[in-house]
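Participant: Provided herewith: upload_8.csv, CSV, C-alpha atoms.
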chain,number,residue,atom,x,y,z
A,1,MET,CA,166.2,144.5,16.2
A,2,LYS,CA,165.5,148.0,14.9
A,3,ASP,CA,165.5,149.4,18.4
A,4,ILE,CA,168.9,147.9,19.0
A,5,VAL,CA,170.3,149.5,15.9
A,6,VAL,CA,168.8,152.9,16.8
A,7,PHE,CA,170.3,152.5,20.3
A,8,GLN,CA,173.7,151.8,18.9
A,9,ILE,CA,173.5,154.8,16.6
A,10,ILE,CA,172.5,157.0,19.6
A,11,LEU,CA,175.5,155.7,21.6
A,12,GLN,CA,177.9,156.2,18.8
A,13,GLY,CA,176.4,159.7,18.2
A,14,ARG,CA,176.9,160.6,21.9
A,15,GLU,CA,180.5,159.4,21.7
A,16,ILE,CA,181.1,161.7,18.7
A,17,LEU,CA,179.3,164.6,20.2
A,18,ASN,CA,181.4,164.3,23.3
A,19,THR,CA,184.6,164.5,21.4
A,20,ARG,CA,185.3,166.4,18.2
A,21,PHE,CA,182.0,167.8,17.0
A,22,LYS,CA,180.4,169.1,20.1
A,23,TYR,CA,180.5,172.8,19.2
A,24,PHE,CA,179.1,172.1,15.7
A,25,THR,CA,176.4,169.9,17.0
A,26,ALA,CA,175.5,172.4,19.7
A,27,LEU,CA,175.1,175.1,17.1
A,28,CYS,CA,172.8,172.8,15.0
A,29,LEU,CA,170.7,172.1,18.0
A,30,LEU,CA,170.5,175.8,18.8
A,31,ILE,CA,169.4,176.7,15.2
A,32,ALA,CA,166.9,174.0,14.7
A,33,PRO,CA,164.2,175.1,17.1
A,34,LEU,CA,164.5,178.8,16.0
A,35,ARG,CA,163.8,177.7,12.4
A,36,LEU,CA,160.8,175.7,13.5
A,37,LEU,CA,159.4,178.7,15.4
A,38,ALA,CA,159.7,180.9,12.4
A,39,GLN,CA,157.9,178.4,10.2
A,40,ASP,CA,155.1,178.1,12.7
A,41,LEU,CA,154.7,181.9,12.8
A,42,LEU,CA,154.6,182.0,9.1
A,43,PHE,CA,151.9,179.4,8.8
A,44,ASP,CA,149.8,181.1,11.5
A,45,SER,CA,149.6,184.4,9.5
A,46,ALA,CA,146.7,184.3,7.2
A,47,ASN,CA,146.8,187.6,5.3
A,48,ILE,CA,144.4,188.0,2.4
A,49,ALA,CA,146.8,188.8,-0.4
A,50,MET,CA,144.1,188.9,-3.2
A,51,HIS,CA,140.4,188.6,-3.4
A,52,LYS,CA,139.0,188.4,-7.0
A,53,ARG,CA,135.3,188.4,-7.4
A,54,LYS,CA,133.3,187.3,-10.4
A,55,VAL,CA,129.5,187.4,-10.5
A,56,SER,CA,128.1,183.9,-10.6
A,57,SER,CA,124.6,182.6,-10.8
A,58,HIS,CA,125.2,180.6,-7.7
A,59,ASN,CA,125.3,182.4,-4.4
A,60,PHE,CA,125.6,181.7,-0.7
A,61,SER,CA,122.3,182.6,0.7
A,62,ILE,CA,122.7,183.8,4.2
A,63,SER,CA,119.6,183.1,6.3
A,64,SER,CA,117.6,186.4,6.3
A,65,PRO,CA,116.2,187.9,9.5
A,66,ALA,CA,112.8,187.9,7.8
A,67,SER,CA,112.5,184.2,7.7
A,68,ASN,CA,112.9,182.4,11.0
A,69,SER,CA,115.6,184.2,13.0
A,70,ILE,CA,113.3,186.9,14.4
A,71,ILE,CA,110.4,186.2,16.7
A,72,SER,CA,107.8,188.8,17.0
A,73,PHE,CA,105.7,189.4,20.1
A,74,ASP,CA,103.4,192.3,19.1
A,75,ASP,CA,105.8,195.2,19.0
A,76,VAL,CA,108.7,193.4,20.5
A,77,LYS,CA,111.0,191.5,18.3
A,78,ILE,CA,113.8,189.3,19.5
A,79,LYS,CA,116.4,187.2,17.9
A,80,ASN,CA,115.2,183.5,17.8
A,81,PRO,CA,118.0,181.5,19.5
A,82,PHE,CA,116.6,178.3,17.9
A,83,SER,CA,116.7,179.6,14.3
A,84,LYS,CA,118.8,177.5,12.0
A,85,LYS,CA,121.9,179.0,10.6
A,86,MET,CA,123.7,177.9,7.5
A,87,ALA,CA,125.4,174.6,7.9
A,88,ILE,CA,128.8,174.1,6.4
A,89,ILE,CA,129.9,170.5,6.0
A,90,VAL,CA,133.6,170.2,5.8
A,91,PHE,CA,135.4,167.4,4.0
A,92,ALA,CA,139.1,167.3,4.7
A,93,PRO,CA,142.0,164.9,4.7
A,94,LYS,CA,141.9,162.2,7.4
A,95,ASP,CA,145.0,163.8,8.9
A,96,PRO,CA,143.5,165.9,11.7
A,97,GLY,CA,146.6,168.0,12.1
A,98,LEU,CA,146.5,169.2,8.5
A,99,SER,CA,142.7,169.9,8.7
A,100,LYS,CA,143.3,172.0,11.7
A,101,GLN,CA,146.0,174.0,10.1
A,102,ILE,CA,143.9,174.6,7.0
A,103,GLU,CA,140.9,175.6,9.0
A,104,LYS,CA,143.0,178.1,10.9
A,105,SER,CA,144.3,179.5,7.7
A,106,LEU,CA,140.7,180.3,6.5
A,107,LEU,CA,140.2,182.8,9.3
A,108,TYR,CA,141.6,186.2,9.7
A,109,SER,CA,144.2,186.4,12.3
A,110,ILE,CA,146.1,189.4,13.6
A,111,PRO,CA,148.5,190.8,10.9
A,112,ASN,CA,152.2,190.5,11.5
A,113,LEU,CA,154.4,193.3,12.9
A,114,CYS,CA,155.8,195.4,10.0
A,115,SER,CA,159.4,194.6,9.4
A,116,GLU,CA,160.0,197.7,7.3
A,117,SER,CA,158.6,201.2,6.9
A,118,ARG,CA,157.0,202.0,3.6
A,119,VAL,CA,154.2,203.8,1.8
A,120,VAL,CA,152.0,202.0,-0.6
A,121,LEU,CA,149.9,203.9,-3.1
A,122,ASP,CA,147.0,202.1,-4.8
A,123,GLU,CA,145.2,204.0,-7.5
A,124,VAL,CA,141.4,204.4,-6.9
A,125,TYR,CA,139.3,205.0,-10.0
A,126,HIS,CA,136.3,206.6,-8.3
A,127,HIS,CA,135.6,209.2,-5.7
A,128,THR,CA,133.7,208.4,-2.6
A,129,GLU,CA,132.2,211.4,-0.9
A,130,GLY,CA,133.6,211.9,2.6
A,131,SER,CA,136.4,209.5,2.2
A,132,GLU,CA,138.9,212.3,2.0
A,133,LYS,CA,138.3,212.8,5.7
A,134,LEU,CA,139.4,209.3,6.5
A,135,ASP,CA,142.7,208.9,8.3
A,136,LEU,CA,142.6,205.6,10.1
A,137,LEU,CA,145.4,204.2,12.3
A,138,ILE,CA,145.2,200.4,12.7
A,139,TYR,CA,147.5,198.9,15.3
A,140,ASN,CA,148.1,195.8,17.4
A,141,PRO,CA,147.0,196.7,20.9
A,142,SER,CA,148.9,193.7,22.3
A,143,ASP,CA,152.1,195.3,21.2
A,144,SER,CA,152.9,197.7,23.9
A,145,ALA,CA,155.2,199.9,21.8
A,146,GLN,CA,152.5,200.4,19.1
A,147,ALA,CA,149.8,200.9,21.7
A,148,LYS,CA,151.8,203.6,23.5
A,149,LYS,CA,152.6,205.5,20.3
A,150,ALA,CA,149.0,205.1,19.1
A,151,ARG,CA,147.6,206.7,22.3
A,152,GLU,CA,149.9,209.7,21.7
A,153,MET,CA,148.4,210.3,18.3
A,154,ARG,CA,145.9,213.1,18.6
A,155,ASN,CA,142.9,213.6,16.3
A,156,ILE,CA,143.3,210.3,14.5
A,157,PRO,CA,140.7,207.6,14.7
A,158,LEU,CA,142.3,204.5,16.2
A,159,ALA,CA,141.5,201.0,15.2
A,160,PRO,CA,143.0,198.5,17.7
A,161,TRP,CA,142.9,195.2,15.8
A,162,ASP,CA,140.8,192.8,17.7
A,163,PRO,CA,141.5,189.2,16.5
A,164,THR,CA,138.5,187.9,18.3
A,165,TYR,CA,136.1,190.2,16.5
A,166,ASP,CA,133.4,188.3,14.8
A,167,PRO,CA,131.6,190.2,12.0
A,168,SER,CA,128.7,187.8,12.2
A,169,ALA,CA,127.8,189.1,15.6
A,170,GLY,CA,126.5,192.3,14.3
A,171,TYR,CA,127.5,195.7,13.1
A,172,ASP,CA,125.7,198.0,15.5
A,173,SER,CA,128.4,199.3,17.8
A,174,VAL,CA,131.0,201.9,16.8
A,175,ASP,CA,133.7,199.4,17.7
A,176,ALA,CA,132.3,196.8,15.4
A,177,LYS,CA,132.2,199.4,12.6
A,178,ILE,CA,135.9,200.3,13.2
A,179,GLN,CA,136.9,196.6,13.3
A,180,ASP,CA,135.0,196.1,10.1
A,181,LEU,CA,136.6,199.0,8.4
A,182,ALA,CA,140.0,197.8,9.5
A,183,ARG,CA,139.4,194.5,7.9
A,184,VAL,CA,138.1,196.1,4.7
A,185,MET,CA,141.4,198.0,4.5
A,186,ASN,CA,143.2,194.7,4.7
A,187,PRO,CA,146.6,195.9,5.9
A,188,SER,CA,149.5,193.5,5.2
A,189,CYS,CA,151.1,194.3,8.6
A,190,LEU,CA,150.7,196.5,11.6
A,191,PRO,CA,150.9,199.4,12.4
A,192,ALA,CA,149.2,200.8,9.3
A,193,ARG,CA,147.6,204.1,8.5
A,194,ILE,CA,145.2,204.6,5.7
A,195,LYS,CA,144.2,207.8,3.9
A,196,PHE,CA,142.8,208.7,0.5
A,197,ILE,CA,144.8,211.3,-1.3
A,198,TYR,CA,144.9,213.1,-4.6
A,199,VAL,CA,148.2,213.4,-6.5
A,200,GLY,CA,147.3,215.7,-9.4
A,201,SER,CA,144.1,214.5,-10.8
A,202,LYS,CA,144.6,210.9,-9.7
A,203,ARG,CA,143.2,209.5,-6.5
A,204,TYR,CA,145.1,207.0,-4.4
A,205,LYS,CA,144.6,204.9,-1.3
A,206,GLU,CA,147.7,205.7,0.7
A,207,THR,CA,148.8,203.0,3.2
A,208,ARG,CA,151.7,203.7,5.5
A,209,TYR,CA,153.4,200.9,7.2
A,210,GLY,CA,155.8,200.7,10.1
A,211,GLU,CA,157.4,203.9,11.4
A,212,LYS,CA,155.9,205.9,8.6
A,213,VAL,CA,152.6,205.6,10.4
A,214,TRP,CA,153.7,208.1,13.1
A,215,GLU,CA,154.8,210.8,10.7
A,216,ASP,CA,152.5,213.7,9.9
B,217,MET,CA,181.5,148.1,8.6
B,218,ASN,CA,184.5,149.7,10.1
B,219,VAL,CA,184.4,152.3,12.8
B,220,TYR,CA,185.2,155.2,10.5
B,221,MET,CA,182.3,154.3,8.2
B,222,LYS,CA,179.9,154.2,11.1
B,223,LYS,CA,181.1,157.6,12.3
B,224,ILE,CA,180.7,159.1,8.8
B,225,LEU,CA,177.2,157.7,8.6
B,226,ILE,CA,176.3,159.1,12.0
B,227,MET,CA,177.6,162.5,11.1
B,228,THR,CA,175.7,162.5,7.9
B,229,PHE,CA,172.6,161.6,9.8
B,230,LEU,CA,173.2,164.5,12.2
B,231,ILE,CA,174.0,167.0,9.4
B,232,VAL,CA,170.9,166.0,7.4
B,233,SER,CA,168.7,166.2,10.5
B,234,PHE,CA,169.7,169.7,11.5
B,235,VAL,CA,171.1,171.5,8.5
B,236,THR,CA,168.8,170.5,5.7
B,237,PRO,CA,165.8,172.8,5.6
B,238,THR,CA,162.6,171.1,6.7
B,239,VAL,CA,159.9,170.9,4.1
B,240,ASN,CA,157.8,174.0,4.5
B,241,ALA,CA,154.2,173.0,3.8
B,242,ASP,CA,153.5,176.6,3.0
B,243,SER,CA,155.8,176.7,0.0
B,244,LYS,CA,153.4,174.6,-2.0
B,245,PRO,CA,150.0,176.0,-2.7
B,246,LEU,CA,147.1,174.4,-0.9
B,247,VAL,CA,143.6,174.8,-2.2
B,248,SER,CA,140.2,174.9,-0.4
B,249,VAL,CA,136.9,175.4,-2.0
B,250,LEU,CA,133.5,176.4,-0.6
B,251,ILE,CA,130.5,175.4,-2.6
B,252,SER,CA,126.9,176.4,-2.2
B,253,ALA,CA,124.6,173.4,-2.1
B,254,LYS,CA,121.5,175.1,-3.3
B,255,ASP,CA,121.8,173.4,-6.7
B,256,ARG,CA,122.9,169.7,-6.9
B,257,SER,CA,124.2,170.1,-10.5
B,258,HIS,CA,126.4,173.0,-9.4
B,259,VAL,CA,127.9,170.9,-6.6
B,260,ALA,CA,128.5,168.1,-9.0
B,261,ASP,CA,130.0,170.4,-11.6
B,262,ILE,CA,132.4,172.0,-9.1
B,263,LEU,CA,133.4,168.6,-7.6
B,264,SER,CA,134.4,167.5,-11.0
B,265,GLU,CA,136.6,170.6,-11.3
B,266,VAL,CA,138.0,169.8,-7.9
B,267,LYS,CA,139.0,166.3,-9.2
B,268,LYS,CA,140.7,167.8,-12.2
B,269,LEU,CA,142.5,170.4,-10.2
B,270,SER,CA,143.7,167.8,-7.6
B,271,LYS,CA,145.8,166.3,-10.3
B,272,LYS,CA,147.9,169.5,-10.3
B,273,VAL,CA,147.7,170.7,-6.7
B,274,PRO,CA,146.4,169.3,-3.4
B,275,VAL,CA,142.8,170.3,-2.7
B,276,VAL,CA,142.7,169.9,1.0
B,277,ASN,CA,139.3,171.2,2.0
B,278,VAL,CA,136.0,170.9,0.4
B,279,ALA,CA,133.3,172.8,2.3
B,280,ILE,CA,129.6,172.5,1.3
B,281,ALA,CA,127.4,175.3,2.5
B,282,ILE,CA,123.8,174.3,3.1
B,283,PRO,CA,121.1,176.8,4.1
B,284,GLY,CA,120.0,175.7,7.6
B,285,ASP,CA,116.3,175.8,7.0
B,286,GLU,CA,116.5,173.6,4.0
B,287,ILE,CA,117.8,170.4,5.4
B,288,LEU,CA,117.7,167.6,7.7
B,289,ASP,CA,118.5,166.9,11.2
B,290,LEU,CA,122.1,167.7,10.9
B,291,SER,CA,122.8,166.8,14.5
B,292,ALA,CA,121.7,163.2,13.7
B,293,LEU,CA,124.0,163.3,10.7
B,294,GLU,CA,126.8,164.6,12.8
B,295,ASN,CA,126.5,161.7,15.2
B,296,SER,CA,126.4,159.1,12.4
B,297,LYS,CA,129.5,157.5,11.2
B,298,ALA,CA,131.4,159.5,8.6
B,299,ASN,CA,130.6,158.4,5.1
B,300,SER,CA,128.3,155.5,6.2
B,301,SER,CA,125.2,155.1,4.1
B,302,SER,CA,122.8,153.8,6.7
B,303,THR,CA,120.9,156.8,7.9
B,304,ASN,CA,118.0,158.5,6.3
B,305,ASN,CA,119.8,161.8,6.8
B,306,LEU,CA,122.8,160.6,4.9
B,307,ASP,CA,120.5,159.7,2.0
B,308,LYS,CA,119.3,163.3,2.1
B,309,LEU,CA,122.8,164.6,2.1
B,310,ASN,CA,123.6,162.3,-0.8
B,311,SER,CA,120.8,163.9,-2.7
B,312,ILE,CA,122.8,167.1,-2.4
B,313,ILE,CA,126.3,165.9,-2.7
B,314,ASP,CA,127.5,162.8,-4.5
B,315,LEU,CA,129.6,161.6,-1.6
B,316,LYS,CA,131.3,159.0,-3.8
B,317,SER,CA,132.8,161.7,-5.9
B,318,LEU,CA,134.8,162.8,-2.8
B,319,ASP,CA,136.2,159.4,-2.1
B,320,GLY,CA,138.7,159.6,-4.9
B,321,LEU,CA,140.1,162.8,-3.3
B,322,GLY,CA,141.0,161.1,-0.1
B,323,LEU,CA,138.7,163.4,1.8
B,324,THR,CA,136.4,162.4,4.6
B,325,ARG,CA,133.6,164.3,6.3
B,326,THR,CA,135.2,165.9,9.4
B,327,LYS,CA,132.7,168.3,10.9
B,328,ILE,CA,129.5,170.2,10.5
B,329,LYS,CA,129.5,173.9,11.5
B,330,TYR,CA,126.3,175.8,12.1
B,331,ASP,CA,127.4,179.3,11.4
B,332,GLU,CA,128.0,181.7,8.6
B,333,SER,CA,131.0,183.4,10.0
B,334,LEU,CA,133.4,182.1,7.4
B,335,ILE,CA,131.2,183.5,4.6
B,336,LYS,CA,130.7,186.8,6.5
B,337,ARG,CA,134.3,187.1,7.4
B,338,LEU,CA,135.5,186.7,3.9
B,339,ARG,CA,132.5,188.6,2.5
B,340,LEU,CA,131.6,185.9,0.1
B,341,SER,CA,128.6,186.1,-2.1
B,342,TYR,CA,129.3,183.8,-5.1
B,343,SER,CA,129.8,180.1,-5.3
B,344,PRO,CA,132.2,178.5,-5.7
B,345,THR,CA,134.9,180.3,-3.7
B,346,TRP,CA,138.4,178.9,-4.0
B,347,ILE,CA,141.0,179.8,-1.4
B,348,VAL,CA,144.6,179.2,-2.3
B,349,LYS,CA,147.0,179.3,0.6
B,350,TYR,CA,150.4,180.1,-0.7
B,351,ARG,CA,153.5,181.3,1.1
B,352,GLY,CA,151.5,182.4,4.2
B,353,GLU,CA,148.9,184.3,2.3
B,354,ASP,CA,145.4,183.6,1.0
B,355,TYR,CA,144.4,184.2,-2.6
B,356,ILE,CA,140.6,184.2,-2.9
B,357,PHE,CA,138.8,183.5,-6.2
B,358,GLU,CA,135.1,184.0,-5.7
B,359,GLY,CA,132.6,183.0,-8.3
B,360,TYR,CA,135.2,181.3,-10.6
B,361,ARG,CA,134.1,178.0,-11.9
B,362,SER,CA,137.7,176.9,-12.4
B,363,ILE,CA,141.0,178.2,-11.3
B,364,SER,CA,143.2,175.5,-13.0
B,365,ASN,CA,144.6,178.2,-15.3
B,366,HIS,CA,146.4,179.6,-12.3
B,367,PHE,CA,148.4,176.5,-11.8
B,368,THR,CA,151.1,175.1,-14.0
B,369,ARG,CA,151.3,171.4,-14.8
B,370,THR,CA,153.7,170.9,-12.0
B,371,GLY,CA,151.4,172.6,-9.5
B,372,ASN,CA,153.1,176.0,-9.3
B,373,PHE,CA,150.8,178.8,-8.5
B,374,GLU,CA,150.6,181.8,-10.8
B,375,TYR,CA,148.4,184.7,-9.6
Take the structure in the file and give it back as C-alpha cells.
Facilitator:
Amino acid sequence: MKDIVVFQIILQGREILNTRFKYFTALCLLIAPLRLLAQDLLFDSANIAMHKRKVSSHNFSISSPASNSIISFDDVKIKNPFSKKMAIIVFAPKDPGLSKQIEKSLLYSIPNLCSESRVVLDEVYHHTEGSEKLDLLIYNPSDSAQAKKAREMRNIPLAPWDPTYDPSAGYDSVDAKIQDLARVMNPSCLPARIKFIYVGSKRYKETRYGEKVWED
Amino acid sequence: MNVYMKKILIMTFLIVSFVTPTVNADSKPLVSVLISAKDRSHVADILSEVKKLSKKVPVVNVAIAIPGDEILDLSALENSKANSSSTNNLDKLNSIIDLKSLDGLGLTRTKIKYDESLIKRLRLSYSPTWIVKYRGEDYIFEGYRSISNHFTRTGNFEY
C-alpha cells in the first residue's frame, strides 16, 4: 500500500515537473549535490583548533624500546617485530558509518586550501635559541599551483605536507623531521609560512597564509 | 483530496527535500575520550564523567588504551562476540573496564587497534584526553578529568 502511494506521488511529481515548475526543480536538483559535497569536505577536514594540556597523575605509557621491542644479538640490535604495542579498544555507537567518520576525524588530514591571504601573529613568551633562523614554507604538494610556486622559492626550507606521514614510524630522516615540524606548527590552511619575529621587545610567531606566503 | 491539494502537497515535499538545509552533523559538538587503562579506578572515574557529560552532548567514542605487555590475548578477545561474557579474556577485560557502565551509553566494542599512532600523532601524555569535534575542527583537552564546564545545559560548546 505504501509503495502504491509513493508511486502515485512520483507520478504526480513528474507531471508537475514536466509542466510549470521544471526550471525551479532543475535548479534545486543542481544545487542539492553541490551542498552535499561541501558538507563532506567540511567533515573531512580535521584541523586541530586547540590543544589544552594539564598535568595529570595518569598517563599513556608508550611501550619503551628498553622493554621488549628491541632484540639484542651481541652488538647487533634489531626491532622485535613481535613486540606488543599499546592496544586501544574502541567503544563506539552501533552505527558503523558514524564510527568511521569519528575515527577519521581523530587523525590529521591535509589542511584545506587557504581561502584568503592573511598574517597571524601569536605572541611567544620565551626565546628559543636558533628559532630566529626558522623560515618554513608548508604547502600541499598535490596542488600544482602551490607546488610550482614553492619550487620557485629560493633559500626557504620547504615542507610539502604528506598526509600519509606516520610519526610513529620514527623520526630519523630529515623528511620525517620536516613533517613533524610542519605538524607542530599546526597551520589552519595551506600554503603557510612560519617565522619567529621581534616587534619591539615582543616576540611573535608569524604565520602567513595564502598569497602572503610568496611575499618577501 | 482534490487535485490542487495533492499538487500543493507534492510541491511542499519537493521544496522541503531540496531547499531546507540538511542537518549538518558537524554543527553539534561530538565528544570522544581516550582513557589510560593502567588504573581501574581511573577508568571507572572517567566513565562516570562520560555518563554525566552524555546527558548534555553525545559522547560518540570511548577508547581505552591498554599497554600491550600487560594484558591478555587480545586477538582471542577480538574474535569473541562483542560484549559477551563467556571468555576468560573478557573477564580480564572486565577487570580493567566495567563493561556494564558502557551499556547505558549505547556504545559497543567495535575494534581493537594494536598501535600507538593516535597517541603519538596527537602527542598525548596525560589521561583522560577529550577530543571535541566542532564545526570541522578538533578541540583537545588533555589531562582534564572533566570538560562538562565547556558545555551549556543545551549542549552548546564554549571553548
Participant: To one decimal in Å, tell me the separation between atom CA of Val278 of chain B and atom CA of Thr324 of chain B.
Facilitator: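 Computed distance, atom CA of Val278 of chain B to atom CA of Thr324 of chain B, equals 9.5 Å.
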Participant: Which residues are close to segment 146-158 of chain A, i.e. within 9 Å by all atoms listed in the file, leaving aside same-chain residues fewer than 5 positions away? Reply as a list in words.
Facilitator: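 Close residues of segment 146-158 of chain A: Leu134, Asp135, Leu136, Leu137, Ile138, Tyr139, Asn140, Pro141, Ile178, Leu190, Pro191 and Trp214 of chain A.
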Participant: Distance atom CA of Glu353 of chain B-atom CA of Gly322 of chain B, one decimal place?
Facilitator: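 That distance, rounded to one decimal, is 24.6 Å.
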Participant: If we count all atoms listed in the file, what is near Ile251 of chain B at a cut-off of 10 Å, once residues fewer than 6 positions away on the same chain are taken out, given as a list in words?
Facilitator: His58, Asn59, Phe60, Ile88 and Ile89 of chain A; His258, Val259, Ala260, Ile262, Leu263, Val278, Ala279, Ile280, Ala281, Ile282, Tyr342, Ser343, Pro344, Thr345, Trp346 and Gly359 of chain B
Participant: Go through A:His126, A:Arg183, A:Lys52, A:Lys177 one by one, measure the shortest atom-to-atom distance of each to Lys205 of chain A using only C-alpha atoms, and give the residue with the smallest value.
Facilitator: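 With only C-alpha atoms as the atom set, the closest residue is A:His126.
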Participant: Kindly give the distance, in Å, that separates atom CA of Arg325 of chain B and atom CA of Gly371 of chain B, rounded to a single decimal.
Facilitator: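 Computed distance, atom CA of Arg325 of chain B to atom CA of Gly371 of chain B, equals 25.2 Å.
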Participant: For each of A:Val119, A:Asp143, A:Gly130, A:Ser188, take the minimum atom-to-atom distance to chain B, counting all atoms listed in the file, then give the residue where this is smallest.
Facilitator: A:Ser188
Participant: Would you please work out which residue, of A:Val184, A:Leu121, A:Ala159, A:Cys114, is nearest to chain B when using all atoms listed in the file?
Facilitator: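 That would be A:Val184, the residue with the smallest distance to chain B.
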Participant: Between B:Ser257, B:Ser264, B:Asn277, B:Ser270, which residue has the minimum interatomic distance to Ile347 of chain B, considering only C-alpha atoms?
Facilitator: B:Asn277
